[in-house]
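Colleague: Shown below is the structure under consideration.
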Amino acid sequence: MRALLAAGLLMWFGSLVPAQSFAAETVIKLRALAPSDTHPTPEAIASGALDDQFQPFSKAPGHAFWRDYWLRVSPQDPPSVGGIPVVIMNMTRALHAELITHRDGKVVALPLATSLSGFLGTRDDVFVLPEGVSAAQPYYAHVTSSSSRQQFLAFSMAALEDSLIKGTARARMIALTFGALMAVSIAALLIWFVLKDPLFILYATMFSLQALYVVYLSGQGFDWPILSYAVPLDSFAWNVPVGLSGAVACLFTREIADLKHFSLRIYRAFGWFAVAFVVITAANVATFVGLEGVVNDIGDVMFVVAPIFTVIVSFLAWRRGNRAAGWFLIAWCLLEGFTIAAALRFLGTSKVDSDALYYYGLPLSMVAAAILVALGVADRLRAQRVALSDAERRAQTDPLTGVLNRRSLIERLEAACARAKARGLPIALLFIDLDHFKHINDTFGHQAGDACLRAIVDPIHAELRQSDVIGRYGGEEFVVILSSADAAAAIPIAQRILERVADVRVSGFGSPIGVTCSIGVATSDTLGIWGEPLLAQADAAVYVAKRSGRNQIHLAPPVLA
């Protein structure tokens, strides 16, 4: 969508100025011999006998639609060229030309050295000046057209080596751009097969269409295998991909900016924009029924409104914290900047005369945009992953203390027991119960009780290893899973936890609140049981500790058979 305006402006101005071209150093004047029923011979044309019948090409009525005519090409003060001098005829692909001149009283044909693809689906035919022919003398072009549609052409002069180098550089740049865009599109498609996120389908579709657009707009695609089948389509070869790309870009924008949750109205507006781009793309057929002007007017409005609307919406989405929309905004502004620059330069010069802009700036901006948008997609996936991880964490943890909740604790216990049994290792459980918790709530309030629960978590954590797990079993009860620990290892850990909790003082509710706890210990090596039965033994052991006076440890004794 970001290049639709440029494509329209370039084609429009190209059709308005078909008559002559100004090379960097040389002014070339064109005069035309109007078509007639009598066909002059090349000898008569090249001898100059009919020169007085030639008229200024730009003033000849209907010249853009002539099917068979002669041009008189007159270079004005051509510079000396370092190398083999050539005449370059830039023209639409429906035009074909043969160039002749006069040397020693004879007609001499200018041999065609090569044909190079040009911007907007044009072609540069490079004709070599034969030996003995001056670059300053006039030569004549017999031009025929295989299409009834409007055509344009332009002439320039250069050195053969320079022309070949420039043509090779242009082809290489477009090939690299096409390859890069198709590579990221295929990569996105492959990722979609794994993640099934529709954003990857939209990404792959958008940039593969952009790849087709740039390869046909530059003219290179018409000379490539398979893609060359689009030659009869002419301007449709790039108008259709860029139009459909605009539709996909609208759908992509509303997904990357998360508009369904941000604004359902704007989300639907982008949907209608996508429909409008599909319609305007299909309306290209209006060229054949004389409604091209109406379609272009409607398209011009869309080309202005849609990009501006996209920038505003992406900016607002970024401002509300959508980093993916921020990446997309940067890419979009980059593309629009080069698009506007290309359109304005073409407006001023009426031709594609800046390789830096048209063959490097525009293509590289597409590749850069693909990379930036890919970063945006990756950022969106990162945000989704963080949100999912946060949701999983909240689902697994106790909101008050931040440790595992009861359900997650039981799941971890079963998994830890399964691993320990498989490896032949013991496991120990510490059942920790805060002493006099009801008295704290009744005396200081429930907020004080919550503060006490939170206060003992860090002291407990301080005595645990990385492999150990703590969870809140319920109320003022906590359970610690000590992996690979027998009774001899569990008792010292429990003792240190008991001492650390006894040192806790909770302030902010009057006089500091001192807390203690009772701990029941149950181990698989002494009991020979696992899982929830082991947890039940630790629970029973903590009640023994409480009945024995609290603030102490009790090890669950072996169960007699």
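Note on naming: chains are A, B, ... as they come in the structure tokens, residues start from 1 per chain, ligands start from 1 in the order shown.
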Just the residues within 12 Å of stretch 402-416 of chain A, please, counting only C-alpha atoms, with nothing from its chain fewer than 2 positions along; format it as a PDB file with C-alpha atoms, in the first residue's frame.

Modeller:
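That gives us around.pdb:
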```
ATOM      1  CA  GLU A 392       0.550 -19.147  34.228  1.00  0.00           C
ATOM      2  CA  ARG A 393       2.505 -17.754  37.162  1.00  0.00           C
ATOM      3  CA  ARG A 394      -0.627 -16.142  38.620  1.00  0.00           C
ATOM      4  CA  ALA A 395      -2.523 -19.393  38.132  1.00  0.00           C
ATOM      5  CA  GLN A 396       0.185 -21.319  39.989  1.00  0.00           C
ATOM      6  CA  THR A 397       1.005 -18.942  42.825  1.00  0.00           C
ATOM      7  CA  ASP A 398      -0.684 -17.705  45.944  1.00  0.00           C
ATOM      8  CA  PRO A 399      -1.521 -14.000  45.400  1.00  0.00           C
ATOM      9  CA  LEU A 400      -0.787 -13.040  49.026  1.00  0.00           C
ATOM     10  CA  ALA A 418       8.154 -39.623  40.623  1.00  0.00           C
ATOM     11  CA  ARG A 419      11.650 -38.333  39.848  1.00  0.00           C
ATOM     12  CA  ALA A 420      13.003 -39.379  43.254  1.00  0.00           C
ATOM     13  CA  LYS A 421      11.580 -42.893  42.977  1.00  0.00           C
ATOM     14  CA  ALA A 422      12.973 -43.285  39.444  1.00  0.00           C
ATOM     15  CA  ARG A 423      16.455 -42.227  40.606  1.00  0.00           C
ATOM     16  CA  GLY A 424      16.377 -44.104  43.909  1.00  0.00           C
ATOM     17  CA  LEU A 425      16.649 -40.906  45.956  1.00  0.00           C
ATOM     18  CA  PRO A 426      14.763 -39.863  49.123  1.00  0.00           C
ATOM     19  CA  ILE A 427      12.470 -36.886  49.525  1.00  0.00           C
ATOM     20  CA  ALA A 428      11.453 -34.926  52.620  1.00  0.00           C
ATOM     21  CA  LEU A 429       8.509 -32.669  53.439  1.00  0.00           C
ATOM     22  CA  LEU A 430       8.360 -29.831  55.987  1.00  0.00           C
ATOM     23  CA  LEU A 453       2.305 -14.621  56.447  1.00  0.00           C
ATOM     24  CA  ARG A 454       4.263 -12.538  53.958  1.00  0.00           C
ATOM     25  CA  ALA A 455       7.031 -11.862  56.484  1.00  0.00           C
ATOM     26  CA  ILE A 456       7.966 -15.504  57.057  1.00  0.00           C
ATOM     27  CA  VAL A 457       8.361 -16.425  53.380  1.00  0.00           C
ATOM     28  CA  ASP A 458      11.798 -14.835  52.912  1.00  0.00           C
ATOM     29  CA  ILE A 460      12.096 -19.814  54.869  1.00  0.00           C
ATOM     30  CA  HIS A 461      13.469 -19.199  51.355  1.00  0.00           C
ATOM     31  CA  SER A 467      15.882 -27.387  43.818  1.00  0.00           C
ATOM     32  CA  ASP A 468      13.576 -27.061  46.845  1.00  0.00           C
ATOM     33  CA  VAL A 469       9.971 -25.873  46.532  1.00  0.00           C
ATOM     34  CA  ILE A 470       7.691 -23.976  48.918  1.00  0.00           C
ATOM     35  CA  GLY A 471       3.931 -23.556  48.686  1.00  0.00           C
ATOM     36  CA  ARG A 472       1.033 -22.321  50.762  1.00  0.00           C
ATOM     37  CA  TYR A 473      -1.124 -25.282  51.689  1.00  0.00           C
ATOM     38  CA  GLY A 474      -3.906 -23.241  53.227  1.00  0.00           C
ATOM     39  CA  GLY A 475      -4.516 -20.527  55.838  1.00  0.00           C
ATOM     40  CA  GLU A 477       0.109 -23.522  56.632  1.00  0.00           C
ATOM     41  CA  PHE A 478       3.126 -23.865  54.294  1.00  0.00           C
ATOM     42  CA  VAL A 479       4.755 -26.970  52.845  1.00  0.00           C
ATOM     43  CA  VAL A 480       8.391 -27.278  51.746  1.00  0.00           C
ATOM     44  CA  ILE A 481       9.516 -30.052  49.379  1.00  0.00           C
ATOM     45  CA  LEU A 482      13.167 -30.960  49.963  1.00  0.00           C
ATOM     46  CA  SER A 483      14.437 -32.930  46.987  1.00  0.00           C
ATOM     47  CA  SER A 484      17.068 -35.653  47.542  1.00  0.00           C
ATOM     48  CA  ALA A 485      16.874 -35.124  51.318  1.00  0.00           C
ATOM     49  CA  SER A 524      10.376 -41.155  52.408  1.00  0.00           C
ATOM     50  CA  ILE A 529       5.684 -43.714  51.346  1.00  0.00           C
ATOM     51  CA  TRP A 530       5.395 -40.988  48.690  1.00  0.00           C
ATOM     52  CA  GLY A 531       3.129 -38.233  47.464  1.00  0.00           C
ATOM     53  CA  GLU A 532       0.041 -37.196  49.401  1.00  0.00           C
ATOM     54  CA  PRO A 533       0.358 -40.008  51.989  1.00  0.00           C
ATOM     55  CA  LEU A 534       3.760 -38.549  52.855  1.00  0.00           C
ATOM     56  CA  LEU A 535       2.141 -35.099  53.088  1.00  0.00           C
ATOM     57  CA  ALA A 536      -0.512 -36.480  55.444  1.00  0.00           C
TER      58      ALA A 536
END
```

Colleague: Just checking: using only C-alpha atoms, which residue out of A:Thr144, A:Thr101, A:Ser235, A:Ser156 ends up closest to A:Leu129?

Modeller: A:Thr101

Colleague: Residues at most 12 Å from A:Trp272, counting only C-alpha atoms, excluding those fewer than 3 positions away in the same chain, as JSON, numbers by chain?

Modeller: {"A": [246, 247, 248, 250, 251, 254, 265, 266, 267, 268, 269, 275, 276, 277, 278, 279, 302, 306]}

Colleague: Just to confirm, what's the straight-line distance from atom CA of A:Ile100 to atom CA of A:Ala135 in Å (one decimal)?

Modeller: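 Interatomic distance here is 12.7 Å.
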
Colleague: What is the atom CA of A:Gly121-atom CA of A:Tyr216 distance in Å, reported with one decimal?

Modeller: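 It comes out at 6.4 Å.
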
Colleague: Based on DSSP run over this structure's backbone, return all residues of stretch 402-542 of chain A in strand (DSSP E or B), as number ranges by chain.

Modeller: A: 404, 427-434, 469-474, 477-483, 505-506, 513-514, 517-523

Colleague: Got time to write the residues from that selection, N, CA and C atoms, as a short mmCIF file (atom, residue, chain, number, x, y, z; two decimals), in the first residue's frame?

Modeller:
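Full text of out30.cif as output:
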```
data_model
loop_
_atom_site.label_atom_id
_atom_site.label_comp_id
_atom_site.auth_asym_id
_atom_site.auth_seq_id
_atom_site.Cartn_x
_atom_site.Cartn_y
_atom_site.Cartn_z
N LEU A 404 3.89 -21.03 45.68
CA LEU A 404 2.94 -21.88 44.96
C LEU A 404 1.63 -22.01 45.74
N ILE A 427 13.09 -38.20 49.58
CA ILE A 427 12.47 -36.89 49.53
C ILE A 427 11.90 -36.58 50.91
N ALA A 428 11.94 -35.31 51.29
CA ALA A 428 11.45 -34.93 52.62
C ALA A 428 10.47 -33.77 52.49
N LEU A 429 9.49 -33.75 53.41
CA LEU A 429 8.51 -32.67 53.44
C LEU A 429 8.56 -31.98 54.80
N LEU A 430 8.48 -30.63 54.76
CA LEU A 430 8.36 -29.83 55.99
C LEU A 430 6.98 -29.19 55.97
N PHE A 431 6.16 -29.52 56.97
CA PHE A 431 4.82 -28.92 57.10
C PHE A 431 4.93 -27.82 58.16
N ILE A 432 4.86 -26.56 57.74
CA ILE A 432 5.09 -25.41 58.62
C ILE A 432 3.76 -24.74 58.94
N ASP A 433 3.48 -24.59 60.22
CA ASP A 433 2.22 -23.99 60.67
C ASP A 433 2.55 -22.82 61.61
N LEU A 434 2.05 -21.64 61.28
CA LEU A 434 2.32 -20.45 62.10
C LEU A 434 1.59 -20.57 63.43
N VAL A 469 11.21 -26.56 46.92
CA VAL A 469 9.97 -25.87 46.53
C VAL A 469 9.17 -25.56 47.79
N ILE A 470 8.57 -24.36 47.81
CA ILE A 470 7.69 -23.98 48.92
C ILE A 470 6.34 -23.56 48.36
N GLY A 471 5.28 -23.93 49.08
CA GLY A 471 3.93 -23.56 48.69
C GLY A 471 3.06 -23.33 49.90
N ARG A 472 1.99 -22.56 49.68
CA ARG A 472 1.03 -22.32 50.76
C ARG A 472 -0.06 -23.37 50.65
N TYR A 473 -0.17 -24.19 51.72
CA TYR A 473 -1.12 -25.28 51.69
C TYR A 473 -2.53 -24.81 52.04
N GLY A 474 -2.61 -23.76 52.84
CA GLY A 474 -3.91 -23.24 53.23
C GLY A 474 -3.81 -22.45 54.51
N GLU A 477 -0.68 -22.31 56.82
CA GLU A 477 0.11 -23.52 56.63
C GLU A 477 0.93 -23.45 55.33
N PHE A 478 2.22 -23.82 55.43
CA PHE A 478 3.13 -23.86 54.29
C PHE A 478 3.76 -25.25 54.24
N VAL A 479 4.08 -25.68 53.04
CA VAL A 479 4.76 -26.97 52.85
C VAL A 479 6.01 -26.73 52.02
N VAL A 480 7.12 -27.35 52.48
CA VAL A 480 8.39 -27.28 51.75
C VAL A 480 8.75 -28.68 51.26
N ILE A 481 9.07 -28.78 49.96
CA ILE A 481 9.52 -30.05 49.38
C ILE A 481 11.04 -29.99 49.26
N LEU A 482 11.70 -30.89 50.00
CA LEU A 482 13.17 -30.96 49.96
C LEU A 482 13.57 -32.14 49.10
N SER A 483 14.06 -31.85 47.90
CA SER A 483 14.44 -32.93 46.99
C SER A 483 15.76 -33.57 47.43
N ARG A 505 10.03 -9.91 63.20
CA ARG A 505 9.19 -8.94 63.89
C ARG A 505 8.43 -8.15 62.84
N VAL A 506 7.11 -8.12 62.98
CA VAL A 506 6.24 -7.42 62.03
C VAL A 506 5.77 -6.14 62.66
N ILE A 513 5.07 -7.36 66.23
CA ILE A 513 4.46 -8.68 66.42
C ILE A 513 5.54 -9.73 66.22
N GLY A 514 5.76 -10.56 67.23
CA GLY A 514 6.68 -11.67 67.11
C GLY A 514 5.93 -12.91 66.69
N CYS A 517 6.70 -20.68 64.69
CA CYS A 517 6.01 -21.70 63.89
C CYS A 517 6.34 -23.08 64.45
N SER A 518 5.49 -24.03 64.08
CA SER A 518 5.73 -25.43 64.41
C SER A 518 5.94 -26.17 63.08
N ILE A 519 6.85 -27.16 63.08
CA ILE A 519 7.20 -27.83 61.82
C ILE A 519 7.10 -29.33 62.01
N GLY A 520 6.33 -29.95 61.11
CA GLY A 520 6.27 -31.41 61.05
C GLY A 520 7.12 -31.89 59.89
N VAL A 521 7.95 -32.92 60.13
CA VAL A 521 8.87 -33.43 59.11
C VAL A 521 8.49 -34.87 58.80
N ALA A 522 8.39 -35.14 57.48
CA ALA A 522 8.12 -36.52 57.03
C ALA A 522 9.06 -36.83 55.89
N THR A 523 9.73 -37.98 55.95
CA THR A 523 10.70 -38.33 54.91
C THR A 523 10.39 -39.71 54.34
#
```

Colleague: Quick one: residues within 9 Å of A:Asp503, only C-alpha atoms, excluding same-chain residues fewer than 5 positions away - as a PDB file with N, CA and C atoms, in the first residue's frame?

Modeller:
```pdb
ATOM      1  N   LEU A 498      13.059 -22.713  61.743  1.00  0.00           N
ATOM      2  CA  LEU A 498      12.386 -22.409  62.998  1.00  0.00           C
ATOM      3  C   LEU A 498      13.038 -21.193  63.659  1.00  0.00           C
ATOM      4  N   GLY A 514       5.755 -10.556  67.228  1.00  0.00           N
ATOM      5  CA  GLY A 514       6.677 -11.667  67.110  1.00  0.00           C
ATOM      6  C   GLY A 514       5.930 -12.913  66.687  1.00  0.00           C
ATOM      7  N   VAL A 515       6.526 -13.714  65.825  1.00  0.00           N
ATOM      8  CA  VAL A 515       5.853 -14.926  65.339  1.00  0.00           C
ATOM      9  C   VAL A 515       6.772 -16.118  65.533  1.00  0.00           C
ATOM     10  N   THR A 516       6.155 -17.257  65.707  1.00  0.00           N
ATOM     11  CA  THR A 516       6.878 -18.528  65.742  1.00  0.00           C
ATOM     12  C   THR A 516       6.104 -19.528  64.915  1.00  0.00           C
TER      13      THR A 516
END
```

Colleague: Looking only at the backbone, which of the residues in stretch 117-257 of chain A does DSSP tag as alpha helix (DSSP H), as a PyMOL selection string?

Modeller: chain A and resi 160-195+198-217+236-256

Colleague: For atom CA of A:Leu189 and atom CA of A:Ser208, quote the distance in Å rounded to one decimal.

Modeller: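 These two atoms are separated by 10.5 Å.
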
Colleague: Measuring atom to atom with only C-alpha atoms, identify which of A:Phe54, A:Arg123, A:Gly445, A:Ser147 is nearest to A:Trp66.

Modeller: A:Ser147

Colleague: For a quick check of understanding, using only C-alpha atoms, which of A:Leu527, A:Leu116, A:Ala180, A:Val301 has the smallest distance to A:Phe222?

Modeller: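 Of A:Leu527, A:Leu116, A:Ala180, A:Val301, the one nearest A:Phe222, counting only C-alpha atoms, is A:Leu116.
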
Colleague: Do a neighbour search on A:Ala257 at 12 Å with only C-alpha atoms, toss out local chain neighbours closer than 5 positions, and write the hits as an NGL selection string.

Modeller: :A and (199 or 249-252 or 262-264 or 266-267 or 270 or 310-329 or 373 or 376-377 or 379-380)

Colleague: Which residues are near A:Pro85? Cut-off 7 Å, only C-alpha atoms, ignore same chain within fewer than 3 positions. Put them as a tab-separated table (two decimals) with all heavy atoms, in the first residue's frame.

Modeller:
```tsv
chain	number	residue	atom	x	y	z
A	81	VAL	N	32.59	10.76	-25.55
A	81	VAL	CA	32.31	9.64	-24.66
A	81	VAL	C	33.55	8.77	-24.55
A	81	VAL	O	34.18	8.43	-25.57
A	81	VAL	CB	31.11	8.81	-25.18
A	81	VAL	CG1	30.88	7.59	-24.30
A	81	VAL	CG2	29.86	9.66	-25.23
A	128	VAL	N	24.58	0.77	-30.92
A	128	VAL	CA	25.96	1.20	-31.05
A	128	VAL	C	26.11	2.07	-32.30
A	128	VAL	O	25.58	1.73	-33.38
A	128	VAL	CB	26.91	0.00	-31.14
A	128	VAL	CG1	28.36	0.46	-31.34
A	128	VAL	CG2	26.79	-0.87	-29.89
A	129	LEU	N	26.80	3.19	-32.16
A	129	LEU	CA	27.09	4.03	-33.32
A	129	LEU	C	28.19	3.37	-34.15
A	129	LEU	O	29.28	3.09	-33.65
A	129	LEU	CB	27.54	5.43	-32.88
A	129	LEU	CG	26.47	6.33	-32.26
A	129	LEU	CD1	27.09	7.67	-31.88
A	129	LEU	CD2	25.32	6.55	-33.23
A	158	ALA	N	25.31	7.63	-24.24
A	158	ALA	CA	26.26	7.25	-23.20
A	158	ALA	C	27.33	6.37	-23.81
A	158	ALA	O	27.34	6.14	-25.03
A	158	ALA	CB	25.54	6.53	-22.06
A	159	ALA	N	28.22	5.86	-22.97
A	159	ALA	CA	29.23	4.89	-23.41
A	159	ALA	C	28.68	3.49	-23.16
A	159	ALA	O	27.96	3.24	-22.19
A	159	ALA	CB	30.53	5.08	-22.64
A	160	LEU	N	29.01	2.57	-24.05
A	160	LEU	CA	28.50	1.20	-23.94
A	160	LEU	C	28.88	0.57	-22.60
A	160	LEU	O	28.05	-0.05	-21.94
A	160	LEU	CB	29.03	0.36	-25.10
A	160	LEU	CG	28.64	-1.13	-25.09
A	160	LEU	CD1	27.12	-1.27	-25.14
A	160	LEU	CD2	29.30	-1.87	-26.25
```

Colleague: With only C-alpha atoms as the counted atoms, please give the residues lying no more than 7 Å from A:Ser218, apart from itself and same-chain residues fewer than 3 positions off, as a list in words.

Modeller: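 Here the qualifying residues turn out to be Gly118, Phe119, Leu120, Gly121, Val214 and Val215 of chain A.
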